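**Student:** Just one file: input_5.cif, with mmCIF, C-alpha atoms.
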```cif
data_run
#
loop_
_atom_site.label_atom_id
_atom_site.label_comp_id
_atom_site.auth_asym_id
_atom_site.auth_seq_id
_atom_site.Cartn_x
_atom_site.Cartn_y
_atom_site.Cartn_z
CA MET A 1 22.14 18.50 -20.01
CA GLN A 2 19.57 19.98 -17.64
CA ILE A 3 16.04 20.13 -19.01
CA GLU A 4 13.80 22.98 -17.93
CA ILE A 5 10.07 22.22 -17.81
CA ASN A 6 7.62 25.01 -18.52
CA THR A 7 5.01 24.05 -15.95
CA ARG A 8 2.74 26.89 -17.05
CA ALA A 9 2.40 25.71 -20.63
CA PHE A 10 -0.68 23.63 -19.78
CA ASP A 11 -2.38 26.26 -17.64
CA TYR A 12 -6.05 27.24 -18.07
CA PRO A 13 -6.03 30.67 -16.34
CA HIS A 14 -9.60 31.44 -17.43
CA ILE A 15 -11.00 28.47 -15.47
CA ARG A 16 -11.83 29.14 -11.85
CA LEU A 17 -11.80 26.48 -9.21
CA PRO A 18 -15.33 25.21 -8.52
CA ASP A 19 -17.25 25.54 -5.29
CA VAL A 20 -17.55 22.21 -3.52
CA TYR A 21 -19.55 20.37 -0.87
CA THR A 22 -18.06 18.18 1.85
CA VAL A 23 -19.57 14.69 1.90
CA ARG A 24 -19.22 11.84 4.37
CA GLN A 25 -19.78 8.17 3.64
CA LYS A 26 -21.91 6.43 6.25
CA ILE A 27 -19.84 3.37 6.97
CA GLU A 28 -20.16 0.84 9.76
CA ALA A 29 -16.59 -0.12 10.49
CA PRO A 30 -15.47 -2.61 13.15
CA VAL A 31 -12.70 -1.37 15.44
CA LEU A 32 -10.57 -3.67 17.57
CA GLN A 33 -10.36 -2.31 21.10
CA ASP A 34 -7.66 -4.49 22.71
CA ILE A 35 -4.82 -4.24 20.20
CA ALA A 36 -2.10 -5.65 22.47
CA GLY A 37 -4.31 -8.45 23.75
CA ALA A 38 -5.30 -9.58 20.26
CA ALA A 39 -1.68 -9.50 19.04
CA ALA A 40 -0.53 -11.51 22.06
CA ALA A 41 -3.31 -14.04 21.50
CA ALA A 42 -2.25 -14.39 17.86
CA VAL A 43 1.30 -15.28 18.94
CA GLU A 44 0.06 -17.58 21.69
CA GLY A 45 -1.55 -19.73 19.03
CA LEU A 46 1.82 -20.09 17.29
CA LEU A 47 3.79 -21.06 20.40
CA THR A 48 2.75 -24.71 20.03
CA ASP A 49 5.34 -24.99 17.26
CA PRO A 50 8.41 -26.75 18.75
CA ARG A 51 10.72 -24.38 16.86
CA LEU A 52 9.59 -21.63 19.23
CA ARG A 53 11.28 -23.38 22.15
CA PRO A 54 12.94 -21.43 24.99
CA GLY A 55 16.16 -19.90 23.77
CA ALA A 56 15.16 -20.03 20.10
CA SER A 57 16.13 -17.06 17.94
CA VAL A 58 13.05 -15.73 16.14
CA ALA A 59 13.18 -13.39 13.14
CA ILE A 60 10.11 -11.15 12.89
CA GLY A 61 9.50 -9.96 9.33
CA VAL A 62 8.20 -6.38 9.17
CA GLY A 63 7.32 -4.56 5.96
CA SER A 64 7.31 -1.06 4.49
CA ARG A 65 3.60 -0.26 4.58
CA GLY A 66 2.04 2.24 6.95
CA ILE A 67 0.03 -0.10 9.19
CA ASN A 68 -2.08 1.41 11.94
CA ASN A 69 -0.94 0.48 15.48
CA ILE A 70 2.08 -1.36 14.10
CA VAL A 71 4.30 -0.31 17.03
CA ALA A 72 1.81 -1.57 19.64
CA ILE A 73 1.25 -4.78 17.67
CA LEU A 74 4.95 -5.53 17.34
CA GLN A 75 5.62 -4.72 20.98
CA ALA A 76 2.92 -7.20 22.02
CA VAL A 77 4.27 -9.85 19.64
CA ILE A 78 7.80 -9.40 20.99
CA ARG A 79 6.63 -9.42 24.61
CA GLU A 80 4.71 -12.66 24.12
CA LEU A 81 7.67 -14.34 22.43
CA LYS A 82 10.02 -13.24 25.20
CA GLU A 83 7.62 -14.52 27.87
CA GLY A 84 7.72 -17.86 26.06
CA GLY A 85 11.51 -17.86 26.39
CA ALA A 86 12.33 -17.01 22.77
CA GLU A 87 14.89 -14.42 21.65
CA PRO A 88 13.26 -12.32 18.90
CA PHE A 89 14.79 -9.81 16.51
CA ILE A 90 13.36 -7.81 13.61
CA VAL A 91 14.25 -8.11 9.93
CA PRO A 92 13.00 -5.71 7.23
CA ALA A 93 10.78 -7.74 4.88
CA MET A 94 10.20 -5.26 2.08
CA GLY A 95 11.73 -6.50 -1.16
CA SER A 96 13.43 -3.63 -2.97
CA HIS A 97 11.89 -0.76 -1.02
CA GLY A 98 14.13 1.81 0.62
CA GLY A 99 16.19 2.00 -2.55
CA ALA A 100 17.12 -1.69 -2.09
CA THR A 101 19.66 -0.69 0.58
CA VAL A 102 20.09 -1.69 4.20
CA GLU A 103 20.14 1.96 5.26
CA GLY A 104 17.00 2.75 3.30
CA GLN A 105 15.03 -0.14 4.76
CA VAL A 106 16.09 0.62 8.32
CA ALA A 107 15.09 4.26 7.75
CA ILE A 108 11.59 3.18 6.67
CA LEU A 109 11.18 1.17 9.87
CA ARG A 110 12.46 4.09 11.91
CA ASP A 111 9.86 6.38 10.37
CA TYR A 112 7.16 4.04 11.63
CA GLY A 113 8.62 4.16 15.14
CA ILE A 114 10.25 0.74 14.81
CA THR A 115 13.72 0.96 16.34
CA PRO A 116 15.80 -1.23 18.67
CA GLU A 117 14.91 1.20 21.47
CA THR A 118 11.13 1.09 20.97
CA MET A 119 11.04 -2.63 20.31
CA GLY A 120 13.61 -3.77 22.85
CA VAL A 121 15.19 -6.14 20.31
CA PRO A 122 17.84 -5.82 17.59
CA ILE A 123 17.04 -4.98 13.98
CA LEU A 124 19.18 -7.11 11.67
CA ALA A 125 19.01 -5.79 8.12
CA THR A 126 20.64 -7.21 5.02
CA MET A 127 19.99 -7.35 1.30
CA GLU A 128 21.80 -10.69 1.12
CA VAL A 129 19.72 -13.74 0.22
CA ALA A 130 20.35 -17.42 -0.22
CA GLN A 131 18.70 -19.63 -2.81
CA VAL A 132 16.90 -22.22 -0.71
CA GLY A 133 15.17 -24.19 -3.44
CA GLU A 134 13.31 -23.99 -6.71
CA LEU A 135 9.87 -24.69 -8.09
CA GLU A 136 9.15 -27.67 -10.36
CA ASP A 137 9.90 -25.58 -13.45
CA GLY A 138 13.28 -24.52 -12.06
CA TYR A 139 12.13 -21.12 -10.79
CA PRO A 140 14.57 -20.08 -7.99
CA VAL A 141 13.38 -19.40 -4.45
CA TYR A 142 15.31 -16.87 -2.33
CA PHE A 143 15.26 -16.03 1.37
CA ASP A 144 16.75 -13.35 3.62
CA CYS A 145 20.04 -14.62 5.13
CA ASN A 146 19.38 -13.27 8.62
CA ALA A 147 15.95 -14.88 8.71
CA LEU A 148 17.41 -18.11 7.35
CA ASP A 149 19.92 -18.25 10.21
CA ALA A 150 17.18 -17.91 12.84
CA ASP A 151 15.56 -20.91 14.51
CA ALA A 152 12.12 -19.62 13.52
CA VAL A 153 10.49 -16.87 11.47
CA ILE A 154 7.20 -15.06 12.06
CA VAL A 155 5.86 -12.53 9.54
CA VAL A 156 3.67 -9.64 10.65
CA ASN A 157 1.66 -7.98 7.90
CA ARG A 158 -1.65 -6.51 6.86
CA ILE A 159 -3.93 -8.58 4.65
CA LYS A 160 -5.46 -6.55 1.81
CA HIS A 161 -6.16 -6.56 -1.89
CA HIS A 162 -3.21 -5.93 -4.21
CA THR A 163 -3.01 -2.94 -6.51
CA ASP A 164 -1.59 -4.87 -9.51
CA PHE A 165 -3.71 -8.00 -9.84
CA ALA A 166 -6.70 -9.98 -8.56
CA GLY A 167 -6.27 -13.48 -7.18
CA GLU A 168 -7.03 -15.80 -4.29
CA ILE A 169 -3.87 -14.66 -2.50
CA GLU A 170 -2.83 -11.02 -2.80
CA SER A 171 -1.05 -8.74 -0.30
CA GLY A 172 -0.40 -10.33 3.06
CA LEU A 173 1.62 -13.08 4.69
CA ALA A 174 2.47 -15.12 1.59
CA LYS A 175 3.63 -12.04 -0.28
CA MET A 176 5.81 -10.98 2.65
CA CYS A 177 7.43 -14.42 2.67
CA ALA A 178 8.02 -14.63 -1.09
CA ILE A 179 8.77 -11.02 -1.99
CA GLY A 180 9.44 -9.19 1.28
CA LEU A 181 11.91 -11.77 2.61
CA GLY A 182 13.11 -12.55 -0.91
CA LYS A 183 14.55 -9.01 -0.85
CA GLN A 184 15.32 -7.34 -4.18
CA LYS A 185 16.44 -10.57 -5.85
CA GLY A 186 13.28 -12.45 -4.96
CA ALA A 187 11.03 -9.49 -5.71
CA ASP A 188 12.68 -8.90 -9.08
CA SER A 189 12.39 -12.59 -10.03
CA ILE A 190 8.64 -12.62 -9.40
CA HIS A 191 7.82 -9.18 -10.78
CA ARG A 192 9.52 -9.87 -14.09
CA PHE A 193 6.58 -12.16 -14.92
CA GLY A 194 4.18 -9.25 -14.41
CA ALA A 195 0.72 -9.73 -12.97
CA ASP A 196 0.89 -13.47 -13.68
CA GLY A 197 4.01 -13.72 -11.54
CA LEU A 198 2.18 -12.14 -8.63
CA ARG A 199 -1.01 -14.12 -9.15
CA THR A 200 0.48 -17.58 -9.69
CA ILE A 201 4.21 -17.68 -8.89
CA MET A 202 4.17 -15.67 -5.66
CA PRO A 203 1.86 -18.07 -3.75
CA LYS A 204 3.85 -21.06 -5.03
CA VAL A 205 7.11 -19.52 -3.85
CA ALA A 206 5.58 -18.83 -0.44
CA ARG A 207 4.36 -22.42 -0.11
CA LYS A 208 7.78 -23.71 -1.18
CA LEU A 209 9.42 -21.58 1.50
CA LEU A 210 7.05 -22.99 4.10
CA GLU A 211 8.20 -26.48 3.13
CA THR A 212 11.88 -25.53 3.05
CA VAL A 213 12.73 -22.96 5.72
CA ASN A 214 11.81 -22.11 9.27
CA ILE A 215 8.63 -20.02 8.92
CA VAL A 216 6.30 -21.01 11.76
CA GLY A 217 3.42 -18.68 10.93
CA GLY A 218 2.30 -15.11 10.84
CA VAL A 219 0.31 -12.37 12.51
CA ALA A 220 -2.31 -11.10 10.08
CA ILE A 221 -3.81 -7.64 10.48
CA ILE A 222 -7.06 -6.51 8.86
CA GLU A 223 -7.96 -2.83 8.75
CA ASN A 224 -11.37 -1.26 8.31
CA GLN A 225 -12.46 1.34 5.77
CA PHE A 226 -10.82 4.11 7.81
CA GLY A 227 -7.45 2.40 8.11
CA GLN A 228 -8.12 1.43 11.74
CA THR A 229 -7.22 -1.98 13.14
CA ALA A 230 -10.30 -4.19 12.83
CA GLU A 231 -8.94 -7.70 13.45
CA ILE A 232 -5.69 -9.50 14.30
CA HIS A 233 -5.25 -13.21 13.59
CA GLY A 234 -2.54 -15.76 14.22
CA VAL A 235 -1.99 -17.92 11.14
CA LEU A 236 -0.09 -21.19 11.34
CA ALA A 237 2.39 -21.98 8.58
CA ASP A 238 0.01 -24.35 6.81
CA GLY A 239 -2.52 -21.52 6.48
CA ILE A 240 -0.18 -19.07 4.75
CA GLY A 241 -0.89 -18.94 1.02
CA ARG A 242 -3.73 -21.40 1.56
CA GLU A 243 -7.35 -21.42 2.77
CA THR A 244 -6.82 -19.46 5.98
CA GLU A 245 -5.17 -16.56 4.18
CA LYS A 246 -7.70 -16.74 1.34
CA ASN A 247 -10.55 -16.35 3.84
CA LEU A 248 -8.81 -13.42 5.54
CA LEU A 249 -8.37 -11.71 2.16
CA ALA A 250 -12.11 -12.05 1.48
CA ARG A 251 -12.78 -10.41 4.84
CA ALA A 252 -10.29 -7.62 4.10
CA ARG A 253 -11.86 -6.94 0.70
CA ALA A 254 -15.25 -6.47 2.34
CA LEU A 255 -13.77 -3.78 4.60
CA ALA A 256 -11.60 -2.03 2.00
CA PRO A 257 -12.08 1.70 1.32
CA ARG A 258 -13.95 2.61 -1.86
CA LEU A 259 -15.25 5.72 -3.58
CA PRO A 260 -19.02 5.37 -4.06
CA PHE A 261 -19.19 6.55 -7.68
CA LYS A 262 -18.96 4.86 -11.09
CA THR A 263 -17.73 7.73 -13.25
CA LEU A 264 -15.85 10.97 -12.62
CA ASP A 265 -14.46 13.68 -14.84
CA VAL A 266 -11.73 14.74 -12.39
CA LEU A 267 -10.36 12.96 -9.34
CA VAL A 268 -8.05 15.07 -7.17
CA VAL A 269 -5.78 13.18 -4.75
CA ASP A 270 -3.96 15.40 -2.27
CA TYR A 271 -1.25 12.87 -1.34
CA MET A 272 0.23 9.71 -2.78
CA GLY A 273 2.93 7.61 -1.09
CA LYS A 274 4.41 4.21 -0.35
CA ASP A 275 3.06 4.42 3.20
CA ILE A 276 -0.44 4.69 1.71
CA SER A 277 -0.23 2.02 -1.01
CA GLY A 278 2.40 -0.04 -2.78
CA SER A 279 1.47 1.81 -5.96
CA GLY A 280 1.36 5.20 -4.26
CA MET A 281 -2.40 5.32 -4.78
CA ASP A 282 -4.72 2.35 -4.26
CA THR A 283 -5.77 1.33 -7.75
CA HIS A 284 -9.09 0.01 -6.43
CA VAL A 285 -9.93 3.49 -5.17
CA ILE A 286 -8.86 5.51 -8.22
CA GLY A 287 -10.33 2.93 -10.61
CA ARG A 288 -7.29 2.34 -12.83
CA VAL A 289 -4.51 -0.23 -12.74
CA ARG A 290 -2.41 0.41 -15.87
CA MET A 291 -0.95 -3.08 -16.19
CA PRO A 292 -0.63 -4.46 -19.76
CA SER A 293 -1.78 -7.92 -18.68
CA ILE A 294 -4.87 -6.62 -16.83
CA ASP A 295 -8.13 -5.68 -18.58
CA GLU A 296 -8.70 -2.14 -17.33
CA SER A 297 -12.45 -2.39 -17.89
CA THR A 298 -12.73 -5.18 -15.32
CA TRP A 299 -10.96 -3.23 -12.56
CA ASP A 300 -13.16 -1.92 -9.77
CA GLY A 301 -13.41 1.71 -8.73
CA PRO A 302 -14.69 4.82 -10.52
CA LYS A 303 -13.67 5.42 -14.11
CA SER A 304 -12.04 8.85 -14.06
CA ARG A 305 -11.18 10.86 -17.14
CA ILE A 306 -8.36 12.77 -15.37
CA VAL A 307 -6.57 11.88 -12.13
CA CYS A 308 -4.36 14.56 -10.62
CA VAL A 309 -2.16 14.04 -7.58
CA LEU A 310 -0.81 17.06 -5.72
CA ASP A 311 1.87 15.93 -3.27
CA LEU A 312 4.06 13.07 -1.98
CA THR A 313 4.11 11.97 1.67
CA GLU A 314 7.27 12.52 3.67
CA LYS A 315 7.29 8.87 4.78
CA SER A 316 7.77 7.82 1.15
CA HIS A 317 11.40 9.00 1.37
CA GLY A 318 11.14 10.30 -2.19
CA ASN A 319 9.74 7.04 -3.56
CA ALA A 320 7.03 8.09 -6.01
CA ALA A 321 6.44 4.62 -7.46
CA GLY A 322 3.04 4.69 -9.14
CA ILE A 323 3.27 8.34 -10.20
CA GLY A 324 2.27 7.25 -13.72
CA LEU A 325 -1.19 6.35 -12.46
CA ALA A 326 -1.89 10.07 -12.46
CA ASP A 327 -2.40 12.26 -15.52
CA MET A 328 -1.35 15.54 -13.93
CA THR A 329 0.76 16.58 -10.94
CA THR A 330 2.59 19.51 -9.39
CA ARG A 331 6.14 20.82 -9.42
CA GLN A 332 6.11 20.41 -5.62
CA LEU A 333 5.61 16.66 -5.90
CA ILE A 334 8.16 16.24 -8.67
CA GLU A 335 10.81 18.09 -6.67
CA LYS A 336 10.33 15.65 -3.77
CA ILE A 337 11.05 12.58 -5.90
CA ASP A 338 14.22 10.58 -5.38
CA PHE A 339 14.47 9.29 -8.93
CA ASP A 340 17.04 6.61 -8.10
CA VAL A 341 14.87 5.12 -5.35
CA THR A 342 11.74 5.41 -7.49
CA ALA A 343 13.42 3.84 -10.52
CA THR A 344 14.65 0.91 -8.41
CA ASN A 345 11.10 0.26 -7.25
CA HIS A 346 9.68 0.62 -10.77
CA ARG A 347 12.33 -1.68 -12.21
CA THR A 348 11.57 -4.35 -9.64
CA SER A 349 7.84 -4.01 -10.37
CA GLY A 350 8.32 -5.14 -13.99
CA GLU A 351 5.49 -4.44 -16.42
CA GLY A 352 3.56 -2.29 -13.97
CA GLY A 353 6.66 -0.31 -13.16
CA VAL A 354 7.29 0.59 -16.81
CA ILE A 355 3.91 2.18 -17.40
CA ARG A 356 3.52 3.60 -13.91
CA GLY A 357 7.01 5.05 -14.15
CA GLY A 358 5.97 7.62 -16.73
CA LEU A 359 5.67 11.20 -15.54
CA PRO A 360 2.30 12.97 -15.69
CA ILE A 361 1.90 16.48 -17.04
CA ILE A 362 3.59 18.78 -14.51
CA LEU A 363 1.89 22.02 -13.43
CA ASP A 364 3.34 24.80 -11.32
CA ASP A 365 1.05 24.43 -8.31
CA ALA A 366 -2.07 22.67 -7.02
CA GLN A 367 -4.54 25.27 -8.29
CA MET A 368 -3.04 25.21 -11.77
CA CYS A 369 -3.12 21.39 -11.71
CA VAL A 370 -6.83 21.23 -10.88
CA ARG A 371 -7.70 23.96 -13.40
CA ALA A 372 -5.82 22.06 -16.09
CA ALA A 373 -7.64 18.83 -15.21
CA ILE A 374 -10.99 20.60 -15.49
CA GLY A 375 -10.01 22.18 -18.78
CA ALA A 376 -8.71 18.98 -20.33
CA CYS A 377 -11.19 16.39 -19.04
CA GLY A 378 -13.48 16.54 -22.07
CA GLN A 379 -16.52 18.04 -20.32
CA GLY A 380 -16.83 21.35 -22.15
CA TRP A 381 -19.36 22.83 -19.72
CA HIS A 382 -17.13 23.41 -16.73
CA GLU A 383 -20.05 23.74 -14.33
CA LYS A 384 -21.00 20.16 -15.24
CA VAL A 385 -17.59 18.66 -14.38
CA ARG A 386 -17.99 15.76 -11.96
CA LEU A 387 -15.07 16.41 -9.57
CA VAL A 388 -14.16 14.57 -6.38
CA ARG A 389 -11.27 15.49 -4.08
CA ILE A 390 -9.83 13.09 -1.49
CA LEU A 391 -6.97 13.37 1.00
CA ASN A 392 -5.45 10.06 -0.11
CA THR A 393 -6.69 6.65 -1.21
CA GLU A 394 -6.56 5.26 2.32
CA PHE A 395 -8.92 7.84 3.80
CA VAL A 396 -12.11 8.22 1.77
CA GLU A 397 -14.72 8.62 4.49
CA VAL A 398 -14.83 12.39 3.97
CA PHE A 399 -14.30 14.03 0.58
CA GLU A 400 -15.36 17.01 -1.47
CA VAL A 401 -17.56 17.03 -4.57
CA SER A 402 -18.47 19.62 -7.17
CA GLU A 403 -22.03 20.79 -7.68
CA ALA A 404 -22.46 18.47 -10.65
CA MET A 405 -22.33 15.55 -8.17
CA LEU A 406 -25.04 16.91 -5.85
CA GLU A 407 -28.05 15.18 -7.37
CA GLU A 408 -26.38 11.78 -7.07
CA VAL A 409 -25.14 12.47 -3.54
CA ARG A 410 -28.57 13.56 -2.33
CA SER A 411 -30.18 10.44 -3.80
CA ARG A 412 -27.92 8.12 -1.79
CA ASP A 413 -28.75 6.85 1.70
CA ASP A 414 -25.07 6.05 2.35
CA LEU A 415 -23.90 9.64 1.78
CA GLU A 416 -24.53 12.85 3.71
CA ILE A 417 -23.50 16.44 3.12
CA VAL A 418 -21.64 17.68 6.19
CA ARG A 419 -20.63 21.09 4.86
CA ASP A 420 -22.62 23.12 2.40
CA ARG A 421 -21.29 24.96 -0.60
CA HIS A 422 -17.86 26.57 -0.11
CA PRO A 423 -14.82 27.48 -2.22
CA LEU A 424 -12.37 24.68 -3.06
CA ASP A 425 -9.41 25.43 -0.80
CA LEU A 426 -6.46 23.26 -1.80
CA SER A 427 -4.36 24.52 1.12
CA ARG A 428 -6.61 22.65 3.56
CA SER A 429 -7.46 18.95 3.74
CA PRO A 430 -10.90 17.85 2.55
CA GLY A 431 -13.27 18.19 5.46
CA ALA A 432 -10.93 20.41 7.49
#
```
Just give me the structure as structure tokens.

**Tutor:**
Amino acid sequence: MQIEINTRAFDYPHIRLPDVYTVRQKIEAPVLQDIAGAAAAAVEGLLTDPRLRPGASVAIGVGSRGINNIVAILQAVIRELKEGGAEPFIVPAMGSHGGATVEGQVAILRDYGITPETMGVPILATMEVAQVGELEDGYPVYFDCNALDADAVIVVNRIKHHTDFAGEIESGLAKMCAIGLGKQKGADSIHRFGADGLRTIMPKVARKLLETVNIVGGVAIIENQFGQTAEIHGVLADGIGRETEKNLLARARALAPRLPFKTLDVLVVDYMGKDISGSGMDTHVIGRVRMPSIDESTWDGPKSRIVCVLDLTEKSHGNAAGIGLADMTTRQLIEKIDFDVTATNHRTSGEGGVIRGGLPIILDDAQMCVRAAIGACGQGWHEKVRLVRILNTEFVEVFEVSEAMLEEVRSRDDLEIVRDRHPLDLSRSPGA
């Protein structure tokens, strides 16, 4: 039975869109100039491992996130390995993403410009894993079969905070080892324990893998507040999931994007997507996590009454995992969702996937969505609604605010108005 949704039922036609001001955060952000040189130096530090001998086959684990300069970084990594006499190839290290299919995961890499032609090496993709050990309590440890057959494995990933939990080890090299190279089976095994599985089991699984299989280290990337490459580090195997990675996470947290407000009535996010965040929208930016085992009041970011998201990125391939973090959305976004792919991701995510898998209220278009958010946010005087609009949760340097935010903006040394009062135009990006 097909269900028709009346997307106009929640409309507030009497509410007009507010005028807004364009604001820029004054942020000092480090930018790495020599990307290829830094990536090559990171690999050079790993070449002391005897497993990277001439003729050795080396699996390079690459994930599903949109990492700035990832093509240049991988090309430099591959070039350095080849110059050392190794024979590298790429394996998708992305858990259940891409619909948990070989074709889907290869397509994600292709969208990022990662192909056999651009890399000059094969891409060997499989969803097959082998159980290579277990933790003390009997918890099984899985590993990608192609990576397992290689003489050595190097993981290349961005270090950043996770959107589901807070811990000493979050997103980065350990997670790529345990979940990315564990494929769907490994990811599902960890996620079924919810936030505790990510916080406690994931690092243990990574450390067990480092004792058991052929992981020689990783190339860790840190991005600044604008999503630009800030630092690249080589991390030896004994630093993955341990002090070295912990210190890199602390550095990444200090450079992470944030919205500079404590409370909002309406937060408008133009785009969500898997290439932006594992949860579609960075929970540290929107200020909500929606995980049963996490105390929402302790989560950082602004507390927003209503979050509305307007569209889904093309590079998400229809994966709208995290859509339930929003309260309202558009028909346009909903029609782009591949519900099978999204459900696979939500299922693998466990407790977070259940809540974040719920659909928001669906409105016919972006204007109707924002009007509805203003009408339903609980601030009866519409001219007093504290509204912020961002392009996505990765880019928050420039954003738009309603007039109710002006007094706070003008009182801040870290904020400047770069465009005076103008109509809210949802057909153009904030700051365009």

**Student:** Evaluate the PyMOL selection byres ((chain A and resi 314-325) around 8) and record the selected residues as an MDAnalysis selection string, following the chain and residue labels used in the document.

**Tutor:** chainID A and resid 98 108 111 272:275 278:281 288:290 307 312:313 326:327 336:339 341:343 345:346 353 355:360

**Student:** Using all atoms listed in the file, which of A:Ala206, A:Cys145, A:Asp19, A:Val216 sits nearest Leu52 in chain A?

**Tutor:**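 With all atoms listed in the file as the atom set, the closest residue is A:Val216.
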
**Student:** Running the PyMOL selection byres ((chain A and resi 351) around 8) on this model by hand, what would come out? Give it as a count of residues only.

**Tutor:** 13

**Student:** For the provided coordinates, the residues matched by the PyMOL selection byres ((chain A and resi 361) around 12) should be stated as JSON, numbers by chain.

**Tutor:** {"A": [5, 6, 7, 8, 9, 10, 11, 306, 307, 308, 309, 310, 323, 324, 325, 326, 327, 328, 329, 330, 331, 333, 334, 358, 359, 360, 362, 363, 364, 365, 368, 369, 370, 372, 373, 376]}

**Student:** Of the residues A:Gly227, A:Gly197, A:Gly84, A:Pro50, which is the one nearest to Ile179 in chain A, using all atoms listed in the file?

**Tutor:**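 For Ile179 in chain A, the nearest of the given residues is A:Gly197.
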
**Student:** Calculate how many Å separate CA of Leu426 in chain A from CA of Ala29 in chain A, rounding to one decimal.

**Tutor:**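 If I compute the distance from CA of Leu426 in chain A to CA of Ala29 in chain A, I get 28.3 Å.
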
**Student:** Please report as a Markdown table every residue of range 253-358 of chain A lying within 12 Å of range 403-417 of chain A, along with the nearest atom pair and their distance in Å (one decimal), using only C-alpha atoms.

**Tutor:**
```
| residue | atom | partner | partner_atom | distance |
| --- | --- | --- | --- | --- |
| A:Leu259 | CA | A:Leu415 | CA | 10.9 |
| A:Pro260 | CA | A:Leu415 | CA | 8.7 |
| A:Phe261 | CA | A:Glu408 | CA | 8.9 |
| A:Lys262 | CA | A:Glu408 | CA | 10.9 |
| A:Thr263 | CA | A:Met405 | CA | 10.4 |
| A:Leu264 | CA | A:Met405 | CA | 9.1 |
| A:Asp265 | CA | A:Ala404 | CA | 10.2 |
| A:Val266 | CA | A:Met405 | CA | 11.4 |
```

**Student:** State, in Å with one decimal place, the distance from CA of Phe399 in chain A to CA of Gly431 in chain A.

**Tutor:** 6.5 Å

**Student:** Please report the interatomic distance between CA of His14 in chain A and CA of Asp425 in chain A in Å with one decimal.

**Tutor:** 17.7 Å

**Student:** Mind giving me the axis-aligned box for range 384-391 of chain A with 3 Å on every side, centre plus edges in Å to one decimal, as lines of an AutoDock Vina configuration file?

**Tutor:**
```
center_x = -14.0
center_y = 16.6
center_z = -7.1
size_x = 20.0
size_y = 13.1
size_z = 22.2
```

**Student:** For Trp299 in chain A, which residue out of A:Ile286, A:Ala93, A:Val71, A:Ile27 is the nearest one, using only C-alpha atoms?

**Tutor:**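 Looking at the shortest contact to Trp299 in chain A, the residue is A:Ile286.
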
**Student:** If you count all atoms listed in the file, which residues fall within 9 Å of Ile169 in chain A, apart from same-chain ones fewer than 2 positions away, as JSON, numbers by chain?

**Tutor:** {"A": [161, 162, 166, 167, 171, 172, 174, 175, 198, 199, 200, 202, 203, 241, 242, 245, 246, 249]}

**Student:** Skipping near chain neighbours, those fewer than 2 positions away, what residues fall within 7 Å of His284 in chain A using all atoms listed in the file, listed as a list in words?

**Tutor:**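 In the requested form, the answer reads Thr163, Asp282, Ile286, Gly287, Asp300 and Gly301 of chain A.
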
**Student:** Kindly indicate which residue among A:Thr48, A:Pro30, A:Leu387, A:Ile232 lies nearest to Pro302 in chain A, using all atoms listed in the file for the distances.

**Tutor:** A:Leu387

**Student:** With distances taken over only C-alpha atoms, which residue among A:Ala250, A:Pro88, A:Val106, A:Thr298 lies nearest Glu168 in chain A?

**Tutor:** A:Ala250

**Student:** For each of A:Ala100, A:Ile294, A:Val285, A:Val235, take the minimum atom-to-atom distance to Asp196 in chain A, counting only C-alpha atoms, then give the residue where this is smallest.

**Tutor:**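 Once distances to Asp196 in chain A are computed over only C-alpha atoms, the minimum belongs to A:Ile294.
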
**Student:** With all atoms listed in the file as the counted atoms, please give the residues lying no more than 9 Å from Asp420 in chain A, apart from itself and same-chain residues fewer than 6 positions off, as a list of chain:residue names.

**Tutor:**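 What passes the distance filter is A:Val20, A:Tyr21, A:Thr22, A:Val23.
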
**Student:** When you look at Leu209 in chain A with a cut-off of 9 Å (counting only C-alpha atoms), what residues show up, excluding the ones that are within fewer than 2 positions of it in the same chain? I need them as a list in words.

**Tutor:**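 My list of contacting residues is Val132, Gly133, Val141, Tyr142, Phe143, Cys177, Ala178, Lys204, Val205, Ala206, Arg207, Glu211, Thr212, Val213, Asn214 and Ile215 of chain A.
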